[in-house]
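Source file model-v6.pdb; content: PDB, C-alpha atoms.
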```pdb
ATOM      1  CA  MET G  28     125.412  42.351  32.533  1.00  0.00           C
ATOM      2  CA  ILE G  29     128.535  40.413  33.401  1.00  0.00           C
ATOM      3  CA  ASP G  30     131.449  42.226  35.046  1.00  0.00           C
ATOM      4  CA  SER G  31     134.471  41.720  32.770  1.00  0.00           C
ATOM      5  CA  GLN G  32     136.945  41.355  35.653  1.00  0.00           C
ATOM      6  CA  THR G  33     135.056  39.194  38.147  1.00  0.00           C
ATOM      7  CA  GLY G  34     132.656  37.376  35.838  1.00  0.00           C
ATOM      8  CA  TRP G  35     129.849  38.177  38.288  1.00  0.00           C
ATOM      9  CA  PHE G  36     126.387  39.203  37.199  1.00  0.00           C
ATOM     10  CA  PHE G  37     126.010  42.948  37.713  1.00  0.00           C
ATOM     11  CA  VAL G  38     122.710  44.818  38.165  1.00  0.00           C
ATOM     12  CA  HIS G  39     121.832  48.402  38.902  1.00  0.00           C
ATOM     13  CA  ALA G  40     119.950  49.202  42.097  1.00  0.00           C
ATOM     14  CA  SER G  41     116.969  51.506  42.377  1.00  0.00           C
ATOM     15  CA  VAL G  42     115.551  52.638  45.706  1.00  0.00           C
ATOM     16  CA  LYS G  43     111.763  52.897  45.614  1.00  0.00           C
ATOM     17  CA  VAL G  44     109.351  54.376  48.123  1.00  0.00           C
ATOM     18  CA  ILE G  45     105.763  53.479  48.974  1.00  0.00           C
ATOM     19  CA  PRO G  46     104.412  56.758  50.372  1.00  0.00           C
ATOM     20  CA  VAL G  47     100.979  56.427  51.992  1.00  0.00           C
ATOM     21  CA  LEU G  48      98.959  59.577  52.588  1.00  0.00           C
ATOM     22  CA  GLY G  49      95.489  59.341  54.095  1.00  0.00           C
ATOM     23  CA  GLY G  50      95.359  55.608  53.377  1.00  0.00           C
ATOM     24  CA  LYS G  51      96.263  56.069  49.693  1.00  0.00           C
ATOM     25  CA  VAL G  52      99.503  55.270  47.897  1.00  0.00           C
ATOM     26  CA  LEU G  53     101.258  57.983  45.904  1.00  0.00           C
ATOM     27  CA  LEU G  54     102.466  56.778  42.485  1.00  0.00           C
ATOM     28  CA  GLY G  55     104.047  58.493  39.497  1.00  0.00           C
ATOM     29  CA  LEU G  56     103.083  58.016  35.839  1.00  0.00           C
ATOM     30  CA  ASN G  57     106.326  57.504  33.904  1.00  0.00           C
ATOM     31  CA  PRO G  58     106.964  58.538  30.262  1.00  0.00           C
ATOM     32  CA  ARG G  59     106.269  54.920  29.117  1.00  0.00           C
ATOM     33  CA  GLY G  60     102.689  55.298  30.396  1.00  0.00           C
ATOM     34  CA  ASP G  61     103.116  53.069  33.452  1.00  0.00           C
ATOM     35  CA  TRP G  62     102.379  53.880  37.077  1.00  0.00           C
ATOM     36  CA  GLU G  63     105.390  53.279  39.292  1.00  0.00           C
ATOM     37  CA  LEU G  64     106.753  53.793  42.765  1.00  0.00           C
ATOM     38  CA  LEU G  65     108.679  56.988  43.345  1.00  0.00           C
ATOM     39  CA  GLY G  66     112.436  56.621  43.627  1.00  0.00           C
ATOM     40  CA  GLY G  67     115.645  56.217  41.723  1.00  0.00           C
ATOM     41  CA  TRP G  68     119.348  55.492  41.714  1.00  0.00           C
ATOM     42  CA  PRO G  69     121.562  56.199  44.719  1.00  0.00           C
ATOM     43  CA  ASP G  70     123.992  59.042  44.057  1.00  0.00           C
ATOM     44  CA  ARG G  71     127.453  59.858  45.390  1.00  0.00           C
ATOM     45  CA  GLY G  72     126.121  62.134  48.112  1.00  0.00           C
ATOM     46  CA  ASP G  73     123.797  59.543  49.661  1.00  0.00           C
ATOM     47  CA  LEU G  74     125.146  57.969  52.836  1.00  0.00           C
ATOM     48  CA  SER G  75     122.541  55.176  52.922  1.00  0.00           C
ATOM     49  CA  LEU G  76     119.768  53.680  50.831  1.00  0.00           C
ATOM     50  CA  ARG G  77     117.271  55.154  53.271  1.00  0.00           C
ATOM     51  CA  GLU G  78     118.778  58.580  52.579  1.00  0.00           C
ATOM     52  CA  THR G  79     118.392  57.898  48.837  1.00  0.00           C
ATOM     53  CA  ALA G  80     114.697  57.206  49.449  1.00  0.00           C
ATOM     54  CA  GLN G  81     114.355  60.467  51.387  1.00  0.00           C
ATOM     55  CA  ARG G  82     116.076  62.483  48.636  1.00  0.00           C
ATOM     56  CA  GLU G  83     113.953  60.903  45.920  1.00  0.00           C
ATOM     57  CA  LEU G  84     110.723  61.696  47.814  1.00  0.00           C
ATOM     58  CA  LYS G  85     111.806  65.330  48.054  1.00  0.00           C
ATOM     59  CA  GLU G  86     112.793  65.524  44.376  1.00  0.00           C
ATOM     60  CA  GLU G  87     109.743  63.762  42.972  1.00  0.00           C
ATOM     61  CA  ALA G  88     106.906  64.823  45.287  1.00  0.00           C
ATOM     62  CA  ASN G  89     108.213  67.598  47.565  1.00  0.00           C
ATOM     63  CA  LEU G  90     107.726  65.305  50.570  1.00  0.00           C
ATOM     64  CA  GLU G  91     110.285  65.920  53.292  1.00  0.00           C
ATOM     65  CA  THR G  92     110.149  62.741  55.329  1.00  0.00           C
ATOM     66  CA  LEU G  93     112.463  59.842  56.083  1.00  0.00           C
ATOM     67  CA  PRO G  94     111.044  56.451  55.058  1.00  0.00           C
ATOM     68  CA  ASP G  95     110.740  54.279  58.145  1.00  0.00           C
ATOM     69  CA  THR G  96     110.234  50.705  56.940  1.00  0.00           C
ATOM     70  CA  LEU G  97     112.311  48.480  54.690  1.00  0.00           C
ATOM     71  CA  VAL G  98     109.569  46.474  52.971  1.00  0.00           C
ATOM     72  CA  ASP G  99     111.391  44.248  50.488  1.00  0.00           C
ATOM     73  CA  ALA G 100     114.303  43.851  48.063  1.00  0.00           C
ATOM     74  CA  PHE G 101     113.992  41.917  44.818  1.00  0.00           C
ATOM     75  CA  LEU G 102     115.148  41.666  41.205  1.00  0.00           C
ATOM     76  CA  LEU G 103     112.763  43.364  38.806  1.00  0.00           C
ATOM     77  CA  ARG G 104     112.616  42.106  35.255  1.00  0.00           C
ATOM     78  CA  ASP G 105     110.441  44.688  33.538  1.00  0.00           C
ATOM     79  CA  PRO G 106     109.641  43.495  29.994  1.00  0.00           C
ATOM     80  CA  LYS G 107     109.942  47.108  28.767  1.00  0.00           C
ATOM     81  CA  VAL G 108     113.505  47.493  30.105  1.00  0.00           C
ATOM     82  CA  GLU G 109     116.461  45.474  28.822  1.00  0.00           C
ATOM     83  CA  ASN G 110     118.333  44.646  32.035  1.00  0.00           C
ATOM     84  CA  PRO G 111     117.048  43.559  35.455  1.00  0.00           C
ATOM     85  CA  VAL G 112     117.239  46.043  38.328  1.00  0.00           C
ATOM     86  CA  ALA G 113     117.622  45.363  42.040  1.00  0.00           C
ATOM     87  CA  ILE G 114     114.729  47.117  43.784  1.00  0.00           C
ATOM     88  CA  ILE G 115     115.016  48.164  47.419  1.00  0.00           C
ATOM     89  CA  ALA G 116     111.544  49.234  48.580  1.00  0.00           C
ATOM     90  CA  TYR G 117     110.922  51.416  51.613  1.00  0.00           C
ATOM     91  CA  GLY G 118     107.559  52.415  53.019  1.00  0.00           C
ATOM     92  CA  VAL G 119     106.542  55.593  54.767  1.00  0.00           C
ATOM     93  CA  THR G 120     103.166  56.630  56.091  1.00  0.00           C
ATOM     94  CA  VAL G 121     102.802  60.392  56.150  1.00  0.00           C
ATOM     95  CA  SER G 122     100.374  62.015  58.547  1.00  0.00           C
ATOM     96  CA  LEU G 123      98.051  64.449  56.781  1.00  0.00           C
ATOM     97  CA  ASN G 124      98.321  66.627  59.886  1.00  0.00           C
ATOM     98  CA  GLU G 125     101.851  67.571  58.774  1.00  0.00           C
ATOM     99  CA  GLY G 126     100.568  70.157  56.249  1.00  0.00           C
ATOM    100  CA  ILE G 127     101.458  68.116  53.175  1.00  0.00           C
ATOM    101  CA  ASP G 128     101.920  69.965  49.885  1.00  0.00           C
ATOM    102  CA  ILE G 129     102.650  67.396  47.171  1.00  0.00           C
ATOM    103  CA  GLY G 130     104.778  68.972  44.476  1.00  0.00           C
ATOM    104  CA  GLU G 131     105.012  68.310  40.771  1.00  0.00           C
ATOM    105  CA  SER G 132     107.535  65.771  39.525  1.00  0.00           C
ATOM    106  CA  ILE G 133     109.790  66.486  36.567  1.00  0.00           C
ATOM    107  CA  GLU G 134     110.358  62.726  36.288  1.00  0.00           C
ATOM    108  CA  HIS G 135     106.672  61.806  35.941  1.00  0.00           C
ATOM    109  CA  GLU G 136     103.847  62.926  33.690  1.00  0.00           C
ATOM    110  CA  LYS G 137     101.701  63.213  36.816  1.00  0.00           C
ATOM    111  CA  LEU G 138     101.333  61.938  40.364  1.00  0.00           C
ATOM    112  CA  GLY G 139      98.266  60.118  41.647  1.00  0.00           C
ATOM    113  CA  LEU G 140      96.881  58.755  44.908  1.00  0.00           C
ATOM    114  CA  PHE G 141      95.381  55.258  44.833  1.00  0.00           C
ATOM    115  CA  GLY G 142      93.493  53.210  47.415  1.00  0.00           C
ATOM    116  CA  LYS G 143      94.221  49.535  48.037  1.00  0.00           C
ATOM    117  CA  ASP G 144      91.401  48.344  45.743  1.00  0.00           C
ATOM    118  CA  GLU G 145      92.529  50.692  42.960  1.00  0.00           C
ATOM    119  CA  ILE G 146      96.125  49.411  43.198  1.00  0.00           C
ATOM    120  CA  SER G 147      94.975  45.840  42.594  1.00  0.00           C
ATOM    121  CA  GLY G 148      93.029  46.900  39.503  1.00  0.00           C
ATOM    122  CA  LEU G 149      95.660  49.093  37.821  1.00  0.00           C
ATOM    123  CA  GLN G 150      96.547  47.509  34.484  1.00  0.00           C
ATOM    124  CA  ASN G 151      99.646  49.659  33.932  1.00  0.00           C
ATOM    125  CA  LEU G 152     101.368  48.919  37.262  1.00  0.00           C
ATOM    126  CA  LEU G 153     103.901  46.093  37.332  1.00  0.00           C
ATOM    127  CA  PRO G 154     102.756  43.052  39.346  1.00  0.00           C
ATOM    128  CA  GLU G 155     105.938  43.244  41.447  1.00  0.00           C
ATOM    129  CA  TYR G 156     105.040  46.802  42.492  1.00  0.00           C
ATOM    130  CA  LYS G 157     101.490  45.728  43.336  1.00  0.00           C
ATOM    131  CA  THR G 158     102.878  42.944  45.507  1.00  0.00           C
ATOM    132  CA  VAL G 159     105.278  45.162  47.455  1.00  0.00           C
ATOM    133  CA  ILE G 160     102.633  47.889  47.918  1.00  0.00           C
ATOM    134  CA  LEU G 161     100.101  45.396  49.267  1.00  0.00           C
ATOM    135  CA  LYS G 162     102.796  43.915  51.508  1.00  0.00           C
ATOM    136  CA  TYR G 163     103.464  47.344  53.048  1.00  0.00           C
ATOM    137  CA  LEU G 164      99.762  48.039  53.521  1.00  0.00           C
ATOM    138  CA  GLU G 165      99.338  44.660  55.214  1.00  0.00           C
ATOM    139  CA  MET G 166     102.274  45.505  57.507  1.00  0.00           C
ATOM    140  CA  GLY G 167     100.184  48.409  58.803  1.00  0.00           C
ATOM    141  CA  GLY G 168     101.527  51.050  56.444  1.00  0.00           C
ATOM    142  CA  ASN G 169      98.172  52.751  56.152  1.00  0.00           C
ATOM    143  CA  ASN G 170      97.260  53.331  59.776  1.00  0.00           C
ATOM    144  CA  LYS G 171      98.084  57.054  60.104  1.00  0.00           C
ATOM    145  CA  SER G 172      95.645  59.708  59.013  1.00  0.00           C
TER
END
```

Rewrite the structure from the file as structure tokens, please.
Amino acid sequence: MIDSQTGWFFVHASVKVIPVLGGKVLLGLNPRGDWELLGGWPDRGDLSLRETAQRELKEEANLETLPDTLVDAFLLRDPKVENPVAIIAYGVTVSLNEGIDIGESIEHEKLGLFGKDEISGLQNLLPEYKTVILKYLEMGGNNKS
């Protein structure tokens, strides 16, 4: 999209989170039948993108934690969506000792936990999401239990 006043290319931004629980990544199955990272658009009440990530984790999985690592930012050109989206991806490793109770998501058909090998083999997970997930895991994002 081109801004009519500036002539600049305009894209929406979506804050995504890579939550790791017990060495597995939590993903949501969207209505299009694709696995995706949890997250969404910043809203007026968010004071930072990190706060957006925290709010989205609470809304989509009932996880009350503040993501601690900015993993990557990139333009996503999903062939199933018309316009590109700027993705800001945060990672958070949640200790299972915290009494985790993953909630149901109204934005996803279901939530699922996937190990590193499963992530690589998922056919209905965008390659860009696979890349950023593996990047976080390689950064040490799976070292809490």

Lys107 (chain G): which residues within 12 Å, counting all atoms listed in the file, same-chain residues fewer than 2 positions away excluded, as a list in words?
-> Pro58, Arg59, Gly60, Asp61, Leu103, Arg104, Asp105, Glu109, Asn110, Pro111, Asn151 and Leu153 of chain G

- Please write as a list in words the full residue list that the PyMOL selection byres ((chain G and resi 113) around 10) yields on this file.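 After applying the PyMOL selection byres ((chain G and resi 113) around 10), what remains is Phe37, Val38, His39, Ala40, Ser41, Val42, Ala100, Phe101, Leu102, Leu103, Arg104, Pro111, Val112, Ile114, Ile115 and Ala116 of chain G.
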
message = As an exercise, work out the distance from CA of Leu97 (chain G) to CA of Glu136 (chain G) in Å and give it to one decimal place.
response =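 CA of Glu136 (chain G) lies at a distance of 26.9 Å from CA of Leu97 (chain G).
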
The distance between CA of Asp144 (chain G) and CA of Leu161 (chain G) is 9.8 Å

For this session: Write out as an MDAnalysis selection string the residues lying within 10 Å of Tyr156 (chain G), counting only C-alpha atoms and excluding same-chain residues fewer than 2 positions away.
Result: chainID G and resid 43 45 62:64 103 114 116 146 152:154 158:162

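Between CA of Gly34 (chain G) and CA of Gly67 (chain G) there is a distance of 26.1 Å.
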
**Message:** Once the PyMOL selection byres ((chain G and resi 76-90) around 9) is applied to the coordinates I shared, what remains selected? I want it as a PyMOL selection string.
**Reply:** chain G and resi 42-44+46+53+55+65-70+72-75+91-95+97+115-117+121+127-135+138

Please dump the current selection as a short mmCIF file (atom, residue, chain, number, x, y, z; two decimals), in the coordinates of the input; keep C-alpha atoms.
```cif
data_model
loop_
_atom_site.label_atom_id
_atom_site.label_comp_id
_atom_site.auth_asym_id
_atom_site.auth_seq_id
_atom_site.Cartn_x
_atom_site.Cartn_y
_atom_site.Cartn_z
CA VAL G 42 115.55 52.64 45.71
CA LYS G 43 111.76 52.90 45.61
CA VAL G 44 109.35 54.38 48.12
CA PRO G 46 104.41 56.76 50.37
CA LEU G 53 101.26 57.98 45.90
CA GLY G 55 104.05 58.49 39.50
CA LEU G 65 108.68 56.99 43.34
CA GLY G 66 112.44 56.62 43.63
CA GLY G 67 115.64 56.22 41.72
CA TRP G 68 119.35 55.49 41.71
CA PRO G 69 121.56 56.20 44.72
CA ASP G 70 123.99 59.04 44.06
CA GLY G 72 126.12 62.13 48.11
CA ASP G 73 123.80 59.54 49.66
CA LEU G 74 125.15 57.97 52.84
CA SER G 75 122.54 55.18 52.92
CA GLU G 91 110.28 65.92 53.29
CA THR G 92 110.15 62.74 55.33
CA LEU G 93 112.46 59.84 56.08
CA PRO G 94 111.04 56.45 55.06
CA ASP G 95 110.74 54.28 58.14
CA LEU G 97 112.31 48.48 54.69
CA ILE G 115 115.02 48.16 47.42
CA ALA G 116 111.54 49.23 48.58
CA TYR G 117 110.92 51.42 51.61
CA VAL G 121 102.80 60.39 56.15
CA ILE G 127 101.46 68.12 53.18
CA ASP G 128 101.92 69.96 49.88
CA ILE G 129 102.65 67.40 47.17
CA GLY G 130 104.78 68.97 44.48
CA GLU G 131 105.01 68.31 40.77
CA SER G 132 107.54 65.77 39.52
CA ILE G 133 109.79 66.49 36.57
CA GLU G 134 110.36 62.73 36.29
CA HIS G 135 106.67 61.81 35.94
CA LEU G 138 101.33 61.94 40.36
#
```

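Of the listed residues G:Met166, G:Ile29, G:Leu140, G:Leu123, the one whose atoms come nearest to Asp99 (chain G) is G:Met166, with distances taken using all atoms listed in the file.
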
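Comparing the minimum interatomic distances between Glu165 (chain G) and each of G:Leu149, G:Val98, G:Val108, G:Leu54, counting all atoms listed in the file, we find that G:Val98 sits nearest.
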
message: Using all atoms listed in the file, can you tell me which of G:Gly167, G:Ser31, G:Lys51, G:Leu56 comes closest to Thr96 (chain G)?
response: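 Between G:Gly167, G:Ser31, G:Lys51, G:Leu56, the residue approaching Thr96 (chain G) most closely is G:Gly167.
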
Of G:Glu145, G:Gly118, G:Gly168, G:Trp35, the one nearest to Gly49 (chain G) when counting all atoms listed in the file is G:Gly168
